[in-house]
Amino acid sequence: MLETRNLDKSFGAVHVTRNVSLKLERGERRIILGPNGAGKTTLFNQLVGELTPDSGSVHLAGEDVTALPVAKRARRGLSRSYQKNTLFDGLTVEENLGLATAVHTGNATQLWSDSLAKPEVREIVNEVAEQVNLMPYIHAKVSEISYGVRRQLEVGVALATRPLVLLMDEPTSGVGPEMSKGFHDLLNNLPRDLTMLIIEHDMDLAFDVADTITVLNYGEVVFDGLPEAARGSKLLKDIYLGNWEDA
Amino acid sequence: MFRHNTLRYAVLVLLASAALFQAFTAEYFGLEILTEILILAMLVLALDIVAGFGGMVSLCHGALMGVGAYAYALLSTTAGIAPPVAMVGAVALTGAIAWAIGAICSRSHGIYFIMATLAFGQMAYSYVFEAPIFGGDDGLGGIARLDLSFVGIDLNDSRSFALFCLVVLGAIYGVSVLILRSGLGRSLTGVMHNEQRMRALGLTVWRVKADVFGLSGMIAGLAGVLAAQHIMYISPGLLSWTVSGEALVVVILGGLGTLVGPLVGAAAFVVLKHELSAVTTYWHLVVGVILIAVVMSRANGIFGWIEARWGDRIERRLSDTTRKPEAKEVLGDA
Ligand SMILES: Nc1ncnc2c1ncn2[C@@H]1O[C@H](COP(=O)(O)OP(=O)(O)OP(=O)(O)O)[C@@H](O)[C@H]1O
Ligand SMILES: [Mg+2]
């Protein structure tokens, strides 16, 4: 469903993505682990087109999308959430979800009707609000909801485009352990055919959700396989798990 | 997204009543001032749509108005096309030019956007100034007003023309609200709040900006057509960037992104201009001081300031009185 081939990217002398090849099957839920600065977010930016790789290619549902701009990739079914909330602050939860929904239902550029009044938009908005537990806050403005709820909305907005592939950049970053757990339950309840690539810092929680795991270190894939294998991996312990279990 | 609240409705009713009162009671000079206000109001509505709801601060809206005026003048006089058709043609042409400007400038932001629009405005200005067909410095005269005699209205009468402009302004206001409440208007708000995210959601951002800029240009063009019909004579000064600058001042004075505020601003600005210029030739200084005071106060213009102080209070007061008494008890401390 989503594939990268030999993706490579440098910022000046800093080599942040080193020959990364990944392959996600339809419905696969893959977690990306890696220490700070490993190049996880940079990889996402290249997947969605916000950054252009120096070399290599990105394929979505069998099509080479490397040359496509961000919006076109999004319309082909690639959606992402951000590590740092990227919401529409003055608007309500409903309006935030509505903006996302309107684009792919073809209501975002209509002149003679309000997108949020359209039944097909409302239906998806409500459905997504249910999926990410936002119903109680649906009419609240972003400025009125707590940080944790904003994290849910961050994912909700990405989900409201009804993507084929959903990329989530540390959806639980900055939220407490209980809420993280709730978040993972929420992810587990999403439709099984949705392909997900999730950057996650919390190892244990990652194992709740993951079908497969990729570990990045210094921009390089150092592990790619099943969670059980990841737990046992010596290499992983050294560069990542070691530090984590001490914490 | 644009929303009406009680205060906005109240101010609209107040403005409309004042305009109607003026239109029916004023003598020639008062009617001229009213018409000037109404035409400026159209221009600032156009500007508020792009600047206040799309973050596209344009310094070419004066020039767009000028394009509308010249297009109407040329079509109706030189080309001899009937005024109604010439009006439609002028508005469409201005819209098309504005769409192209919006499309080209859509990638730039902030100061760069302002400069790019200024450059387009100046290009239009010098072209109109230099090209012989536009009459150069002398401008164009003998411009006819719309003929509504078939319904018994003589627009050559100042009162009828002022009323006609009021009706057009009302229609423009209604259309502006519809635009801002449409799917396109919502997307525009999304783009202003967070362009990167809208793109990541799959929106073709430049198209939204260009479409809205084009629609706004049509409104500016219509304002220009009416300005040409009002004075019945036009000169390149209409396209000068100072017209755009003045429109921007009015929008900011009134309250960016409120639609109602710029209407208040237009009335205040024109009245102030005429009152002050009767007293002193330095009236620009006074307007400057007021603008500085408004900007320094960090309020969103005069109307924005009023709304921030009283808008919510009025809303609450009203919902309190319409609420059942028991409910009032519970929410007593609200
Ligand atoms: N636009 C940029 N210009 C220069 N260097 C950059 C840029 N973006 C990221 N980097 C660098 O690339 C490296 C990888 O950054 P990236 O944000 O991808 O890491 P990450 O794995 O997401 O880290 P974290 O866990 O902290 O989010 C870092 O050293 C960072 O400083
Ligand atoms: Mg990151």
# chains A, B, ... in the order shown; residues from 1 in each chain; ligands from 1

call {"tool": "residues_around", "arguments": {"residues": "range 95-108 of chain A", "least_positions_apart": "4", "cutoff": "9 Å", "atoms": "only C-alpha atoms", "output": "NGL selection string"}}
result
(:A and (75 or 87-89 or 91 or 113-116 or 118 or 120-122 or 124-126 or 128-129 or 138-139 or 141-142 or 153 or 156-162)) or (:B and (182-187 or 190 or 198 or 201-203 or 208))

call {"tool": "interface_residues", "arguments": {"of": "chain B", "to": "chain A", "cutoff": "12 Å", "atoms": "only C-alpha atoms", "output": "mmCIF file with C-alpha atoms, in the first residue's frame"}}
result
data_model
loop_
_atom_site.group_PDB
_atom_site.id
_atom_site.type_symbol
_atom_site.label_atom_id
_atom_site.label_comp_id
_atom_site.auth_asym_id
_atom_site.auth_seq_id
_atom_site.Cartn_x
_atom_site.Cartn_y
_atom_site.Cartn_z
ATOM 1 C CA MET B 1 -16.270 31.644 8.427
ATOM 2 C CA PHE B 2 -18.499 34.606 9.045
ATOM 3 C CA VAL B 175 -23.375 37.768 -1.505
ATOM 4 C CA SER B 176 -20.264 38.348 0.621
ATOM 5 C CA VAL B 177 -21.888 36.581 3.553
ATOM 6 C CA LEU B 178 -22.906 33.710 1.282
ATOM 7 C CA ILE B 179 -19.378 33.413 -0.109
ATOM 8 C CA LEU B 180 -17.851 33.339 3.359
ATOM 9 C CA ARG B 181 -20.356 30.759 4.569
ATOM 10 C CA SER B 182 -19.920 28.491 1.582
ATOM 11 C CA GLY B 183 -17.587 25.539 1.364
ATOM 12 C CA LEU B 184 -15.136 27.841 -0.389
ATOM 13 C CA GLY B 185 -15.396 30.410 2.406
ATOM 14 C CA ARG B 186 -14.756 27.754 5.037
ATOM 15 C CA SER B 187 -11.729 26.489 3.165
ATOM 16 C CA LEU B 188 -10.476 30.069 2.928
ATOM 17 C CA THR B 189 -10.723 30.391 6.699
ATOM 18 C CA GLY B 190 -8.862 27.101 7.013
ATOM 19 C CA VAL B 191 -6.138 28.383 4.715
ATOM 20 C CA MET B 192 -5.784 31.579 6.732
ATOM 21 C CA HIS B 193 -5.537 29.640 9.988
ATOM 22 C CA ASN B 194 -3.216 26.958 8.737
ATOM 23 C CA GLU B 195 -2.264 26.747 5.108
ATOM 24 C CA GLN B 196 0.137 23.837 5.537
ATOM 25 C CA ARG B 197 -2.527 21.663 7.125
ATOM 26 C CA MET B 198 -5.104 22.468 4.462
ATOM 27 C CA ARG B 199 -2.608 21.373 1.853
ATOM 28 C CA ALA B 200 -1.895 18.188 3.777
ATOM 29 C CA LEU B 201 -5.647 17.546 3.777
ATOM 30 C CA GLY B 202 -5.601 17.612 0.005
ATOM 31 C CA LEU B 203 -6.802 21.121 -0.708
ATOM 32 C CA THR B 204 -5.496 22.883 -3.800
ATOM 33 C CA VAL B 205 -4.700 26.017 -1.850
ATOM 34 C CA TRP B 206 -3.854 28.281 -4.774
ATOM 35 C CA ARG B 207 -7.207 27.605 -6.392
ATOM 36 C CA VAL B 208 -9.103 28.622 -3.283
ATOM 37 C CA LYS B 209 -7.084 31.831 -3.021
ATOM 38 C CA ALA B 210 -7.481 32.624 -6.703
ATOM 39 C CA ASP B 211 -11.220 31.922 -6.691
ATOM 40 C CA VAL B 212 -11.830 34.132 -3.692
ATOM 41 C CA LEU B 215 -14.852 37.011 -6.586
#

call {"tool": "residues_near_ligand", "arguments": {"ligand": "ligand 2", "cutoff": "12 Å", "atoms": "only C-alpha atoms and all ligand atoms", "output": "count of residues only"}}
result
30

call {"tool": "residues_around", "arguments": {"residues": "range 228-243 of chain B", "least_positions_apart": "3", "cutoff": "6 Å", "atoms": "only C-alpha atoms", "output": "PyMOL selection string"}}
result
chain B and resi 62-63+66+69+125+129+139-143+145+225+246

call {"tool": "closest_residue", "arguments": {"among": "A:His184, A:Glu130, A:Val175, A:Leu197", "to": "Glu3 in chain A", "atoms": "only C-alpha atoms"}}
result
A:Leu197

call {"tool": "closest_residue", "arguments": {"among": "A:Val149, A:Val215, A:Val209, A:Leu2", "to": "ligand 1", "atoms": "only C-alpha atoms and all ligand atoms"}}
result
A:Val215

call {"tool": "residues_around", "arguments": {"residues": "Thr35 in chain B", "least_positions_apart": "2", "cutoff": "10 Å", "atoms": "only C-alpha atoms", "output": "PyMOL selection string"}}
result
chain B and resi 19+23+29-33+37-41+158-159+161-166+226-227+230

call {"tool": "closest_residue", "arguments": {"among": "A:Pro177, A:Phe183, A:Val165, A:Asn85", "to": "Val132 in chain A", "atoms": "only C-alpha atoms"}}
result
A:Phe183

call {"tool": "select_by_dssp", "arguments": {"residues": "range 49-225 of chain A", "states": "helix (DSSP H, G or I)", "output": "JSON, numbers by chain"}}
result
{"A": [70, 71, 72, 73, 74, 75, 93, 94, 95, 96, 97, 98, 99, 100, 101, 102, 103, 104, 115, 116, 117, 119, 120, 121, 122, 123, 124, 125, 126, 127, 128, 129, 130, 131, 135, 136, 137, 142, 143, 144, 147, 148, 149, 150, 151, 152, 153, 154, 155, 156, 157, 158, 159, 177, 178, 179, 180, 181, 182, 183, 184, 185, 186, 187, 188, 203, 204, 205, 206, 207, 208, 209]}

call {"tool": "closest_residue", "arguments": {"among": "A:Asp202, A:Asp208, A:Glu228, A:Glu127", "to": "ligand 1", "atoms": "only C-alpha atoms and all ligand atoms"}}
result
A:Asp202

call {"tool": "residues_around", "arguments": {"residues": "Ala268 in chain B", "least_positions_apart": "2", "cutoff": "10 Å", "atoms": "only C-alpha atoms", "output": "ChimeraX atom specification"}}
result
/B:37,250,253-254,262-266,270-273,302

call {"tool": "atom_distance", "arguments": {"atom1": "CA of Leu285 in chain B", "atom2": "CA of Gly245 in chain B"}}
result
15.0 Å

call {"tool": "residues_around", "arguments": {"residues": "Val57 in chain B", "least_positions_apart": "2", "cutoff": "10 Å", "atoms": "only C-alpha atoms", "output": "VMD selection string"}}
result
chain B and resid 47 to 55 59 to 61 109 to 115 117 248

call {"tool": "write_last_selection", "arguments": {"atoms": "N, CA and C atoms", "output": "PDB file, in the first residue's frame"}}
result
ATOM      1  N   LEU B  47     -12.341  44.083  -0.117  1.00  0.00           N
ATOM      2  CA  LEU B  47     -11.011  43.958   0.488  1.00  0.00           C
ATOM      3  C   LEU B  47     -11.062  43.132   1.767  1.00  0.00           C
ATOM      4  N   ASP B  48     -12.129  43.303   2.556  1.00  0.00           N
ATOM      5  CA  ASP B  48     -12.225  42.557   3.811  1.00  0.00           C
ATOM      6  C   ASP B  48     -12.342  41.057   3.557  1.00  0.00           C
ATOM      7  N   ILE B  49     -13.019  40.692   2.467  1.00  0.00           N
ATOM      8  CA  ILE B  49     -13.153  39.259   2.156  1.00  0.00           C
ATOM      9  C   ILE B  49     -11.774  38.617   2.008  1.00  0.00           C
ATOM     10  N   VAL B  50     -10.898  39.255   1.240  1.00  0.00           N
ATOM     11  CA  VAL B  50      -9.577  38.652   1.010  1.00  0.00           C
ATOM     12  C   VAL B  50      -8.638  38.871   2.189  1.00  0.00           C
ATOM     13  N   ALA B  51      -8.646  40.104   2.745  1.00  0.00           N
ATOM     14  CA  ALA B  51      -7.676  40.423   3.795  1.00  0.00           C
ATOM     15  C   ALA B  51      -8.126  39.878   5.149  1.00  0.00           C
ATOM     16  N   GLY B  52      -9.390  40.065   5.470  1.00  0.00           N
ATOM     17  CA  GLY B  52      -9.871  39.700   6.802  1.00  0.00           C
ATOM     18  C   GLY B  52     -10.191  38.223   6.943  1.00  0.00           C
ATOM     19  N   PHE B  53     -10.541  37.566   5.859  1.00  0.00           N
ATOM     20  CA  PHE B  53     -10.934  36.165   5.953  1.00  0.00           C
ATOM     21  C   PHE B  53      -9.959  35.233   5.242  1.00  0.00           C
ATOM     22  N   GLY B  54      -9.032  35.819   4.485  1.00  0.00           N
ATOM     23  CA  GLY B  54      -8.077  34.966   3.787  1.00  0.00           C
ATOM     24  C   GLY B  54      -6.635  35.357   4.040  1.00  0.00           C
ATOM     25  N   GLY B  55      -6.433  36.399   4.854  1.00  0.00           N
ATOM     26  CA  GLY B  55      -5.076  36.832   5.144  1.00  0.00           C
ATOM     27  C   GLY B  55      -4.346  37.395   3.927  1.00  0.00           C
ATOM     28  N   LEU B  59      -2.934  45.290  -1.999  1.00  0.00           N
ATOM     29  CA  LEU B  59      -2.763  46.708  -2.315  1.00  0.00           C
ATOM     30  C   LEU B  59      -3.071  46.958  -3.792  1.00  0.00           C
ATOM     31  N   CYS B  60      -3.944  46.139  -4.363  1.00  0.00           N
ATOM     32  CA  CYS B  60      -4.321  46.388  -5.754  1.00  0.00           C
ATOM     33  C   CYS B  60      -5.833  46.514  -5.915  1.00  0.00           C
ATOM     34  N   HIS B  61      -6.548  46.567  -4.786  1.00  0.00           N
ATOM     35  CA  HIS B  61      -7.994  46.629  -4.924  1.00  0.00           C
ATOM     36  C   HIS B  61      -8.476  47.951  -5.501  1.00  0.00           C
ATOM     37  N   HIS B 109       3.381  35.294   0.780  1.00  0.00           N
ATOM     38  CA  HIS B 109       2.670  35.611   2.015  1.00  0.00           C
ATOM     39  C   HIS B 109       3.158  36.926   2.591  1.00  0.00           C
ATOM     40  N   GLY B 110       2.359  37.461   3.503  1.00  0.00           N
ATOM     41  CA  GLY B 110       2.759  38.638   4.274  1.00  0.00           C
ATOM     42  C   GLY B 110       3.213  39.789   3.389  1.00  0.00           C
ATOM     43  N   ILE B 111       4.354  40.324   3.716  1.00  0.00           N
ATOM     44  CA  ILE B 111       4.846  41.512   3.036  1.00  0.00           C
ATOM     45  C   ILE B 111       5.059  41.246   1.541  1.00  0.00           C
ATOM     46  N   TYR B 112       5.428  40.018   1.188  1.00  0.00           N
ATOM     47  CA  TYR B 112       5.673  39.700  -0.216  1.00  0.00           C
ATOM     48  C   TYR B 112       4.366  39.710  -1.013  1.00  0.00           C
ATOM     49  N   PHE B 113       3.326  39.235  -0.372  1.00  0.00           N
ATOM     50  CA  PHE B 113       2.020  39.267  -1.022  1.00  0.00           C
ATOM     51  C   PHE B 113       1.594  40.716  -1.259  1.00  0.00           C
ATOM     52  N   ILE B 114       1.773  41.534  -0.241  1.00  0.00           N
ATOM     53  CA  ILE B 114       1.395  42.941  -0.349  1.00  0.00           C
ATOM     54  C   ILE B 114       2.155  43.599  -1.504  1.00  0.00           C
ATOM     55  N   MET B 115       3.466  43.333  -1.554  1.00  0.00           N
ATOM     56  CA  MET B 115       4.295  43.946  -2.598  1.00  0.00           C
ATOM     57  C   MET B 115       3.911  43.454  -3.994  1.00  0.00           C
ATOM     58  N   THR B 117       0.969  42.389  -4.976  1.00  0.00           N
ATOM     59  CA  THR B 117      -0.297  43.002  -5.402  1.00  0.00           C
ATOM     60  C   THR B 117      -0.085  44.478  -5.734  1.00  0.00           C
ATOM     61  N   LEU B 248      -7.586  50.067   2.614  1.00  0.00           N
ATOM     62  CA  LEU B 248      -7.009  49.238   3.665  1.00  0.00           C
ATOM     63  C   LEU B 248      -7.129  49.935   5.019  1.00  0.00           C
TER      64      LEU B 248
END

call {"tool": "closest_residue", "arguments": {"among": "B:Ile104, B:Leu276, B:Ile97, B:Ile252", "to": "Met296 in chain B", "atoms": "only C-alpha atoms"}}
result
B:Ile252

call {"tool": "residues_around", "arguments": {"residues": "Val221 in chain A", "least_positions_apart": "2", "cutoff": "9 Å", "atoms": "only C-alpha atoms", "output": "count of residues only"}}
result
13
